[in-house]
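Trainee: This is the structure I have questions about; it appears just below.
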Amino acid sequence: TFHGNLVRFLIAQGKIDEAEAYLHDRVAQATDDKSSWLVTLVRFQMQQRSDKVALTELNKFIEENPDETGLRALRASLNFDSGQRDEGSAELQAILEEAGDSASKDIQEIQVTLARMLSLNGNEVGARRLVEEIITVDPNSGPALKMQAAWLIQEDDTDGAINALR
């Protein structure tokens, strides 16, 4: 797209501040797609600045828009990846509790992300339980089925893994 090309051009020219200012401007002017522009800005800041700068930007926007579940999930992932694992997984659990019985694709993505976090933290039982819940609601959930298949392969059950992925 034009916007992406412009940002890449500015980065290639070493004009990081101008690229960031342009993205800030896009966020400020956005109406329906404000969240997607903010995600673009945060990713830019993660790559060109630091996770801390990106997290500051994200926190500011979440304070102004506390119901933005996707942005809260992004913050949780950023916290988790930067070493604040308990805070990251706790925020995802809070989002899921607030969502209740919602089975939307966004909620499933958050569940899969939380399952990955639990697995990385050594809580295989919790991760597997969560993946089973996802599959019960949506037997065609690709990310959940991939996690289940990976576990089956680790258990040397390749036939089970192949069947799960079918």
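How things are named: the first chain in the structure tokens is A, the next is B, and so on; residues count from 1 in each chain; ligands count from 1 in the order shown.
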Can you tell me which residues surround region 92-109 of chain A at a distance of at most 8 Å, considering only C-alpha atoms, apart from same-chain residues fewer than 3 positions away, and format the answer as a ChimeraX atom specification?
Mentor: /A:69-70,72-73,76,88-89,112-114,134,137,143
Trainee: Go ahead and save the residues from that selection, with all heavy atoms, as a PDB file, in the first residue's frame.
Mentor:
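The resulting file, selection.pdb, is shown below:
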ATOM      1  N   THR A  69     -10.067  -5.026  23.216  1.00  0.00           N
ATOM      2  CA  THR A  69      -9.562  -6.342  23.590  1.00  0.00           C
ATOM      3  C   THR A  69      -8.310  -6.719  22.810  1.00  0.00           C
ATOM      4  O   THR A  69      -7.356  -7.247  23.373  1.00  0.00           O
ATOM      5  CB  THR A  69     -10.655  -7.408  23.371  1.00  0.00           C
ATOM      6  OG1 THR A  69     -11.805  -7.021  24.118  1.00  0.00           O
ATOM      7  CG2 THR A  69     -10.208  -8.765  23.828  1.00  0.00           C
ATOM      8  N   GLY A  70      -8.299  -6.460  21.526  1.00  0.00           N
ATOM      9  CA  GLY A  70      -7.143  -6.816  20.706  1.00  0.00           C
ATOM     10  C   GLY A  70      -5.881  -6.094  21.141  1.00  0.00           C
ATOM     11  O   GLY A  70      -4.788  -6.681  21.147  1.00  0.00           O
ATOM     12  N   ARG A  72      -5.328  -4.916  24.176  1.00  0.00           N
ATOM     13  CA  ARG A  72      -4.951  -5.470  25.486  1.00  0.00           C
ATOM     14  C   ARG A  72      -4.220  -6.797  25.301  1.00  0.00           C
ATOM     15  O   ARG A  72      -3.252  -7.090  26.005  1.00  0.00           O
ATOM     16  CB  ARG A  72      -6.184  -5.640  26.369  1.00  0.00           C
ATOM     17  CG  ARG A  72      -6.745  -4.317  26.850  1.00  0.00           C
ATOM     18  CD  ARG A  72      -8.002  -4.479  27.680  1.00  0.00           C
ATOM     19  NE  ARG A  72      -7.787  -5.353  28.816  1.00  0.00           N
ATOM     20  CZ  ARG A  72      -8.754  -6.105  29.350  1.00  0.00           C
ATOM     21  NH1 ARG A  72      -9.983  -6.071  28.865  1.00  0.00           N
ATOM     22  NH2 ARG A  72      -8.496  -6.880  30.382  1.00  0.00           N
ATOM     23  N   ALA A  73      -4.672  -7.591  24.341  1.00  0.00           N
ATOM     24  CA  ALA A  73      -4.004  -8.868  24.057  1.00  0.00           C
ATOM     25  C   ALA A  73      -2.598  -8.623  23.514  1.00  0.00           C
ATOM     26  O   ALA A  73      -1.650  -9.337  23.871  1.00  0.00           O
ATOM     27  CB  ALA A  73      -4.828  -9.689  23.079  1.00  0.00           C
ATOM     28  N   ALA A  76      -0.459  -7.756  26.395  1.00  0.00           N
ATOM     29  CA  ALA A  76      -0.151  -8.961  27.168  1.00  0.00           C
ATOM     30  C   ALA A  76       0.976  -9.750  26.501  1.00  0.00           C
ATOM     31  O   ALA A  76       1.899 -10.216  27.174  1.00  0.00           O
ATOM     32  CB  ALA A  76      -1.399  -9.822  27.312  1.00  0.00           C
ATOM     33  N   GLY A  88       1.677 -10.904  31.585  1.00  0.00           N
ATOM     34  CA  GLY A  88       1.119 -11.164  30.258  1.00  0.00           C
ATOM     35  C   GLY A  88       0.038 -12.214  30.280  1.00  0.00           C
ATOM     36  O   GLY A  88      -1.064 -12.009  29.753  1.00  0.00           O
ATOM     37  N   SER A  89       0.308 -13.343  30.925  1.00  0.00           N
ATOM     38  CA  SER A  89      -0.700 -14.408  30.955  1.00  0.00           C
ATOM     39  C   SER A  89      -1.890 -14.013  31.826  1.00  0.00           C
ATOM     40  O   SER A  89      -3.032 -14.342  31.504  1.00  0.00           O
ATOM     41  CB  SER A  89      -0.091 -15.736  31.416  1.00  0.00           C
ATOM     42  OG  SER A  89       0.518 -15.612  32.670  1.00  0.00           O
ATOM     43  N   VAL A 112      -5.652 -19.397  22.236  1.00  0.00           N
ATOM     44  CA  VAL A 112      -4.478 -20.104  21.719  1.00  0.00           C
ATOM     45  C   VAL A 112      -3.200 -19.423  22.206  1.00  0.00           C
ATOM     46  O   VAL A 112      -2.240 -20.095  22.606  1.00  0.00           O
ATOM     47  CB  VAL A 112      -4.517 -20.187  20.173  1.00  0.00           C
ATOM     48  CG1 VAL A 112      -3.191 -20.665  19.611  1.00  0.00           C
ATOM     49  CG2 VAL A 112      -5.643 -21.103  19.715  1.00  0.00           C
ATOM     50  N   THR A 113      -3.183 -18.096  22.198  1.00  0.00           N
ATOM     51  CA  THR A 113      -2.009 -17.369  22.688  1.00  0.00           C
ATOM     52  C   THR A 113      -1.774 -17.683  24.159  1.00  0.00           C
ATOM     53  O   THR A 113      -0.630 -17.926  24.572  1.00  0.00           O
ATOM     54  CB  THR A 113      -2.186 -15.851  22.481  1.00  0.00           C
ATOM     55  OG1 THR A 113      -2.380 -15.598  21.086  1.00  0.00           O
ATOM     56  CG2 THR A 113      -0.980 -15.077  22.983  1.00  0.00           C
ATOM     57  N   LEU A 114      -2.840 -17.707  24.942  1.00  0.00           N
ATOM     58  CA  LEU A 114      -2.701 -18.039  26.356  1.00  0.00           C
ATOM     59  C   LEU A 114      -2.214 -19.479  26.520  1.00  0.00           C
ATOM     60  O   LEU A 114      -1.356 -19.754  27.361  1.00  0.00           O
ATOM     61  CB  LEU A 114      -4.024 -17.836  27.101  1.00  0.00           C
ATOM     62  CG  LEU A 114      -4.009 -18.184  28.591  1.00  0.00           C
ATOM     63  CD1 LEU A 114      -2.936 -17.393  29.336  1.00  0.00           C
ATOM     64  CD2 LEU A 114      -5.379 -17.959  29.209  1.00  0.00           C
ATOM     65  N   ILE A 134     -11.053 -25.132  23.181  1.00  0.00           N
ATOM     66  CA  ILE A 134     -11.163 -24.469  21.881  1.00  0.00           C
ATOM     67  C   ILE A 134     -11.693 -25.451  20.843  1.00  0.00           C
ATOM     68  O   ILE A 134     -12.612 -25.134  20.081  1.00  0.00           O
ATOM     69  CB  ILE A 134      -9.801 -23.900  21.431  1.00  0.00           C
ATOM     70  CG1 ILE A 134      -9.312 -22.831  22.399  1.00  0.00           C
ATOM     71  CG2 ILE A 134      -9.894 -23.345  20.015  1.00  0.00           C
ATOM     72  CD1 ILE A 134      -7.847 -22.468  22.228  1.00  0.00           C
ATOM     73  N   VAL A 137     -15.396 -26.258  21.094  1.00  0.00           N
ATOM     74  CA  VAL A 137     -16.247 -25.200  20.548  1.00  0.00           C
ATOM     75  C   VAL A 137     -16.110 -25.122  19.033  1.00  0.00           C
ATOM     76  O   VAL A 137     -17.094 -24.959  18.324  1.00  0.00           O
ATOM     77  CB  VAL A 137     -15.906 -23.833  21.202  1.00  0.00           C
ATOM     78  CG1 VAL A 137     -16.646 -22.699  20.523  1.00  0.00           C
ATOM     79  CG2 VAL A 137     -16.222 -23.860  22.683  1.00  0.00           C
ATOM     80  N   PRO A 143      -5.133 -23.184  14.576  1.00  0.00           N
ATOM     81  CA  PRO A 143      -4.053 -23.005  15.548  1.00  0.00           C
ATOM     82  C   PRO A 143      -4.136 -23.980  16.725  1.00  0.00           C
ATOM     83  O   PRO A 143      -3.122 -24.505  17.174  1.00  0.00           O
ATOM     84  CB  PRO A 143      -4.233 -21.562  16.025  1.00  0.00           C
ATOM     85  CG  PRO A 143      -4.956 -20.886  14.905  1.00  0.00           C
ATOM     86  CD  PRO A 143      -5.850 -21.936  14.316  1.00  0.00           C
TER      87      PRO A 143
END
Trainee: Which polymer residues have any atom within 8 Å of an atom of Leu23 (chain A), counting only C-alpha atoms, with same-chain residues fewer than 6 positions away left out, as an NGL selection string?
Mentor: :A and (37 or 40-41)
Trainee: For each of A:Ala28, A:Ile16, A:Ala164, A:Ala115, take the minimum atom-to-atom distance to Ala149 (chain A), counting only C-alpha atoms, then give the residue where this is smallest.
Mentor: A:Ala164
Trainee: Just the residues within 12 Å of Arg85 (chain A), please, counting only C-alpha atoms, with nothing from its chain fewer than 6 positions along; format it as a short mmCIF file (atom, residue, chain, number, x, y, z; two decimals) with N, CA, C and O atoms, in the first residue's frame.
Mentor:
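Produced file around19.cif, reproduced below:
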data_model
loop_
_atom_site.label_atom_id
_atom_site.label_comp_id
_atom_site.auth_asym_id
_atom_site.auth_seq_id
_atom_site.Cartn_x
_atom_site.Cartn_y
_atom_site.Cartn_z
N ARG A 75 -0.74 -6.04 24.22
CA ARG A 75 0.06 -5.62 25.38
C ARG A 75 0.46 -6.83 26.22
O ARG A 75 1.61 -6.93 26.66
N ALA A 76 -0.46 -7.76 26.40
CA ALA A 76 -0.15 -8.96 27.17
C ALA A 76 0.98 -9.75 26.50
O ALA A 76 1.90 -10.22 27.17
N SER A 77 0.90 -9.88 25.19
CA SER A 77 1.95 -10.61 24.47
C SER A 77 3.29 -9.89 24.56
O SER A 77 4.34 -10.51 24.73
N LEU A 78 3.24 -8.57 24.44
CA LEU A 78 4.47 -7.77 24.54
C LEU A 78 5.08 -7.90 25.94
O LEU A 78 6.29 -8.08 26.07
N ASN A 79 4.25 -7.85 26.95
CA ASN A 79 4.75 -8.04 28.32
C ASN A 79 5.35 -9.43 28.48
O ASN A 79 6.44 -9.59 29.04
N GLU A 91 -3.14 -11.01 32.14
CA GLU A 91 -4.00 -10.10 31.38
C GLU A 91 -4.85 -10.88 30.37
O GLU A 91 -6.03 -10.59 30.19
N LEU A 92 -4.26 -11.87 29.72
CA LEU A 92 -5.05 -12.67 28.79
C LEU A 92 -6.15 -13.44 29.51
O LEU A 92 -7.28 -13.54 29.02
N LEU A 114 -2.84 -17.71 24.94
CA LEU A 114 -2.70 -18.04 26.36
C LEU A 114 -2.21 -19.48 26.52
O LEU A 114 -1.36 -19.75 27.36
N ARG A 116 -0.30 -21.11 24.52
CA ARG A 116 1.15 -21.09 24.22
C ARG A 116 1.93 -20.55 25.41
O ARG A 116 2.99 -21.06 25.76
N MET A 117 1.40 -19.48 26.02
CA MET A 117 2.07 -18.90 27.19
C MET A 117 2.14 -19.91 28.32
O MET A 117 3.18 -20.06 28.96
N LEU A 118 1.02 -20.57 28.58
CA LEU A 118 0.99 -21.57 29.65
C LEU A 118 2.00 -22.68 29.38
O LEU A 118 2.73 -23.11 30.28
N SER A 119 2.07 -23.11 28.14
CA SER A 119 3.01 -24.17 27.77
C SER A 119 4.45 -23.70 27.98
O SER A 119 5.27 -24.45 28.52
N LEU A 120 4.76 -22.49 27.55
CA LEU A 120 6.11 -21.96 27.73
C LEU A 120 6.47 -21.78 29.20
O LEU A 120 7.64 -21.86 29.58
N ASN A 121 5.46 -21.55 30.04
CA ASN A 121 5.68 -21.41 31.48
C ASN A 121 5.72 -22.76 32.19
O ASN A 121 5.82 -22.81 33.40
N GLY A 122 5.57 -23.86 31.43
CA GLY A 122 5.63 -25.19 32.03
C GLY A 122 4.30 -25.73 32.49
O GLY A 122 4.24 -26.77 33.14
#
